[in-house]
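The structure appears below as structure tokens.
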Amino acid sequence: MKLLDGKVALITGASRGIGNGIAKKFAEMGADVAFTYLSSEEKARALEEELKAFGVRAKGYKSDAANFAQAEALIDSIVADFGTLEIVVNNAGITRDTLLLRMTEEQWDQVIDTNLKSVFNITKNAMKVLMKNRKGSIINITSIVGRNGNPGQANYSASKAGVIGFTQVVAKEMGSRGVRCNAIAPGFIATEMTGELSEEVIKGWNDMIPLKRPGTPEDVANLAVFLGSDMSGYINGQTINVCGGLHTPN
Ligand code: NAP
């Protein structure tokens, strides 16, 4: 018996990076996996095949998480294709880093829409299914910079802090309906998102991390498996860091 046997999961933004790692780990743990992507068509088709090799059902959907109507259509399609939905991982996210002095309204809006409004869009449409089943786990991928701030990331930090507040409210509103909601706050994880940074900046992060290495998508995926599984049945409304000790809040 695997930890996620019999569960149907949605992971947004799984064509690359952390979402990709979560999708693979979920399939390995027995979950049927629906996932989304925005533009990486080939990577999405390849992931579908990789997931099916674990003996589970898998399907990738091209869907913009920042668009409410597309989120609504996505949830309807998943229920039609898979019959139900139990775990939702709101992972899709972008950065448009620059100092506030130089940040444009467009850079602000893009990040807020993709990182925060997307979480509303997907959760709002998925919650009807989860509440009807009186069973569900929503996992929102935030960031330690949503708890601590980071220069050059006013838009990103604000979006991720918003995700934490949203998570707390959903946990309180939906707990009595059997639906839990938690957030994962990764620190510095090696993906294409952080690959854009200079070697000097990457070295600076590594020096500050007590475990002296960047995290991997698998490090984050391991916690997502736990939060999606029944083993975390009494954990609700929490934000848990996966950061190698970089940020240690009380
Ligand atoms: P990544 O490597 O850049 O991958 C981003 C993924 O999101 C891709 O699959 C991309 O799809 C998808 N995506 C982007 N915009 C989307 C949209 N509007 N609708 C649907 N999918 C969309 O990023 P990552 O590093 O894995 O980050 C994943 C999540 O972890 C993000 O929420 C990020 O903020 C968070 N996080 C990352 C780190 C880190 O150090 N990497 C740290 C803390 C938090 P396409 O391939 O089709 O573009």
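Each chain in the structure tokens gets a letter, A, B and so on, in the order shown; residues start at 1 in every chain, and ligands are counted from 1 in the order they appear.
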Please return as a ChimeraX atom specification the residues found within 6 Å of ligand 1, counting only C-alpha atoms and all ligand atoms. /A:12-19,36-40,63-66,91-94,114,141-143,186-194
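Residues lying within 7 Å of region 67-74 of chain A, counting only C-alpha atoms and ignoring same-chain neighbours fewer than 6 positions away, are Asn121, Ile122 and Asn125 of chain A.
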note - CA of Ala34 (chain A) and CA of Gly60 (chain A) are separated by 5.9 Å
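Minimum atom-to-atom distances from A:Asn133, A:Ser118, A:Thr239, A:Asn206 to Thr84 (chain A) were compared using only C-alpha atoms, and the lowest value belongs to A:Asn133.
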Using only C-alpha atoms, determine which residues lie at most 12 Å from Val242 (chain A), disregarding the query and same-chain residues fewer than 4 positions distant; provide the list as a VMD selection string. chain A and resid 18 141 to 144 183 to 189 209 211 214 to 224 246 to 248
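Across the model, the gap from CA of Ile202 (chain A) to CA of Gly146 (chain A) is 19.3 Å.
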Separation of CA of Val179 (chain A) from CA of Val79 (chain A) in Å: 17.3 Å
Which neighbours of Phe82 (chain A) fall inside 10 Å, counting only C-alpha atoms, when residues of the same chain fewer than 5 positions from it are skipped, and could you give them as a PyMOL selection string? chain A and resi 8-9+32-34+57-59+77
Write out the residues from the selection above, keeping N, CA, C and O atoms, as a PDB file, in the first residue's frame.
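What ended up in result-v9.pdb:
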ATOM      1  N   VAL A   8      -6.757  11.155  -6.328  1.00  0.00           N
ATOM      2  CA  VAL A   8      -6.555  11.906  -7.570  1.00  0.00           C
ATOM      3  C   VAL A   8      -6.029  13.295  -7.201  1.00  0.00           C
ATOM      4  O   VAL A   8      -6.620  13.982  -6.361  1.00  0.00           O
ATOM      5  N   ALA A   9      -4.899  13.667  -7.815  1.00  0.00           N
ATOM      6  CA  ALA A   9      -4.260  14.944  -7.470  1.00  0.00           C
ATOM      7  C   ALA A   9      -4.159  15.857  -8.678  1.00  0.00           C
ATOM      8  O   ALA A   9      -3.966  15.395  -9.811  1.00  0.00           O
ATOM      9  N   ASP A  32      -3.189   9.148  -8.915  1.00  0.00           N
ATOM     10  CA  ASP A  32      -3.472   9.538 -10.292  1.00  0.00           C
ATOM     11  C   ASP A  32      -3.195  11.034 -10.381  1.00  0.00           C
ATOM     12  O   ASP A  32      -3.592  11.793  -9.485  1.00  0.00           O
ATOM     13  N   VAL A  33      -2.522  11.466 -11.462  1.00  0.00           N
ATOM     14  CA  VAL A  33      -2.047  12.856 -11.510  1.00  0.00           C
ATOM     15  C   VAL A  33      -2.578  13.623 -12.722  1.00  0.00           C
ATOM     16  O   VAL A  33      -2.310  13.269 -13.866  1.00  0.00           O
ATOM     17  N   ALA A  34      -3.337  14.690 -12.425  1.00  0.00           N
ATOM     18  CA  ALA A  34      -3.678  15.692 -13.437  1.00  0.00           C
ATOM     19  C   ALA A  34      -2.724  16.855 -13.198  1.00  0.00           C
ATOM     20  O   ALA A  34      -2.484  17.225 -12.054  1.00  0.00           O
ATOM     21  N   ARG A  57      -2.988   6.759 -13.614  1.00  0.00           N
ATOM     22  CA  ARG A  57      -3.540   7.575 -14.692  1.00  0.00           C
ATOM     23  C   ARG A  57      -2.889   8.957 -14.627  1.00  0.00           C
ATOM     24  O   ARG A  57      -2.641   9.476 -13.535  1.00  0.00           O
ATOM     25  N   ALA A  58      -2.612   9.552 -15.796  1.00  0.00           N
ATOM     26  CA  ALA A  58      -1.964  10.866 -15.804  1.00  0.00           C
ATOM     27  C   ALA A  58      -2.394  11.641 -17.039  1.00  0.00           C
ATOM     28  O   ALA A  58      -2.531  11.073 -18.123  1.00  0.00           O
ATOM     29  N   LYS A  59      -2.625  12.947 -16.868  1.00  0.00           N
ATOM     30  CA  LYS A  59      -2.976  13.787 -18.020  1.00  0.00           C
ATOM     31  C   LYS A  59      -2.525  15.220 -17.774  1.00  0.00           C
ATOM     32  O   LYS A  59      -2.720  15.763 -16.681  1.00  0.00           O
ATOM     33  N   SER A  77     -12.976  19.544 -16.424  1.00  0.00           N
ATOM     34  CA  SER A  77     -12.351  18.510 -17.270  1.00  0.00           C
ATOM     35  C   SER A  77     -11.736  17.407 -16.417  1.00  0.00           C
ATOM     36  O   SER A  77     -11.835  16.219 -16.756  1.00  0.00           O
TER      37      SER A  77
END
Using DSSP on the backbone coordinates, identify all residues within region 43-125 of chain A classified as alpha helix (DSSP H); present the result as a PyMOL selection string. chain A and resi 43-52+68-82+105-112+118-125
Could you give me, as a Markdown table, a per-residue list for region 102-142 of chain A showing, wherever an atom lies at most 9 Å from an atom of region 160-165 of chain A, the closest pair of atoms and their distance in Å to one decimal, using only C-alpha atoms and sorting by chain then residue number from low to high?
| residue | atom | partner | partner_atom | distance |
| --- | --- | --- | --- | --- |
| A:Ile112 | CA | A:Lys160 | CA | 8.8 |
| A:Asn115 | CA | A:Lys160 | CA | 7.1 |
| A:Leu116 | CA | A:Val163 | CA | 6.0 |
| A:Val119 | CA | A:Val163 | CA | 7.3 |
| A:Phe120 | CA | A:Val163 | CA | 9.0 |
| A:Asn140 | CA | A:Val163 | CA | 7.1 |
| A:Ile141 | CA | A:Val163 | CA | 8.0 |
| A:Thr142 | CA | A:Lys160 | CA | 5.0 |
Could you pull out all residues of region 12-174 of chain A with a DSSP call of strand (DSSP E) and give them as a ChimeraX atom specification? /A:32-37,58-62,87-90,136-141
Taking only residues of region 120-139 of chain A that have an atom at most 12 Å from an atom of region 229-236 of chain A, what is each one's shortest atom pair and its distance in Å to one decimal, using only C-alpha atoms, in chain and number order, as a Markdown table?
| residue | atom | partner | partner_atom | distance |
| --- | --- | --- | --- | --- |
| A:Lys135 | CA | A:Asp230 | CA | 10.1 |
| A:Gly136 | CA | A:Ser229 | CA | 9.6 |
| A:Ser137 | CA | A:Ser229 | CA | 8.1 |
| A:Ile138 | CA | A:Asn236 | CA | 9.6 |
| A:Ile139 | CA | A:Asn236 | CA | 10.0 |
Could you save the residues just selected, with all heavy atoms, as a PDB file, in the first residue's frame?
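In the end it all went to out-v5.pdb:
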ATOM      1  N   LYS A 135     -13.698  15.433   1.786  1.00  0.00           N
ATOM      2  CA  LYS A 135     -12.325  14.926   1.887  1.00  0.00           C
ATOM      3  C   LYS A 135     -11.443  15.685   0.907  1.00  0.00           C
ATOM      4  O   LYS A 135     -11.759  15.754  -0.280  1.00  0.00           O
ATOM      5  CB  LYS A 135     -12.318  13.435   1.537  1.00  0.00           C
ATOM      6  CG  LYS A 135     -11.048  12.694   1.933  1.00  0.00           C
ATOM      7  CD  LYS A 135     -11.297  11.181   1.764  1.00  0.00           C
ATOM      8  CE  LYS A 135     -10.049  10.359   1.924  1.00  0.00           C
ATOM      9  NZ  LYS A 135      -9.321  10.489   3.156  1.00  0.00           N
ATOM     10  N   GLY A 136     -10.360  16.240   1.410  1.00  0.00           N
ATOM     11  CA  GLY A 136      -9.453  16.902   0.484  1.00  0.00           C
ATOM     12  C   GLY A 136      -8.271  17.522   1.195  1.00  0.00           C
ATOM     13  O   GLY A 136      -8.303  17.800   2.393  1.00  0.00           O
ATOM     14  N   SER A 137      -7.184  17.702   0.440  1.00  0.00           N
ATOM     15  CA  SER A 137      -5.997  18.375   0.964  1.00  0.00           C
ATOM     16  C   SER A 137      -5.524  19.375  -0.085  1.00  0.00           C
ATOM     17  O   SER A 137      -5.222  18.996  -1.216  1.00  0.00           O
ATOM     18  CB  SER A 137      -4.895  17.348   1.263  1.00  0.00           C
ATOM     19  OG  SER A 137      -3.709  18.028   1.627  1.00  0.00           O
ATOM     20  N   ILE A 138      -5.503  20.641   0.303  1.00  0.00           N
ATOM     21  CA  ILE A 138      -5.012  21.692  -0.594  1.00  0.00           C
ATOM     22  C   ILE A 138      -3.629  22.101  -0.101  1.00  0.00           C
ATOM     23  O   ILE A 138      -3.442  22.359   1.096  1.00  0.00           O
ATOM     24  CB  ILE A 138      -5.969  22.906  -0.594  1.00  0.00           C
ATOM     25  CG1 ILE A 138      -7.356  22.466  -1.063  1.00  0.00           C
ATOM     26  CG2 ILE A 138      -5.422  24.033  -1.480  1.00  0.00           C
ATOM     27  CD1 ILE A 138      -8.445  23.500  -0.827  1.00  0.00           C
ATOM     28  N   ILE A 139      -2.670  22.124  -1.013  1.00  0.00           N
ATOM     29  CA  ILE A 139      -1.279  22.445  -0.652  1.00  0.00           C
ATOM     30  C   ILE A 139      -0.839  23.621  -1.518  1.00  0.00           C
ATOM     31  O   ILE A 139      -0.790  23.519  -2.747  1.00  0.00           O
ATOM     32  CB  ILE A 139      -0.369  21.217  -0.910  1.00  0.00           C
ATOM     33  CG1 ILE A 139      -0.863  20.007  -0.102  1.00  0.00           C
ATOM     34  CG2 ILE A 139       1.086  21.549  -0.568  1.00  0.00           C
ATOM     35  CD1 ILE A 139      -0.304  18.668  -0.585  1.00  0.00           C
TER      36      ILE A 139
END
Name the residues in contact with Leu47 (chain A) at a cut-off of 8 Å, using only C-alpha atoms, excluding same-chain residues fewer than 3 positions from it; report them as a PyMOL selection string. chain A and resi 15+20+43-44+50-51
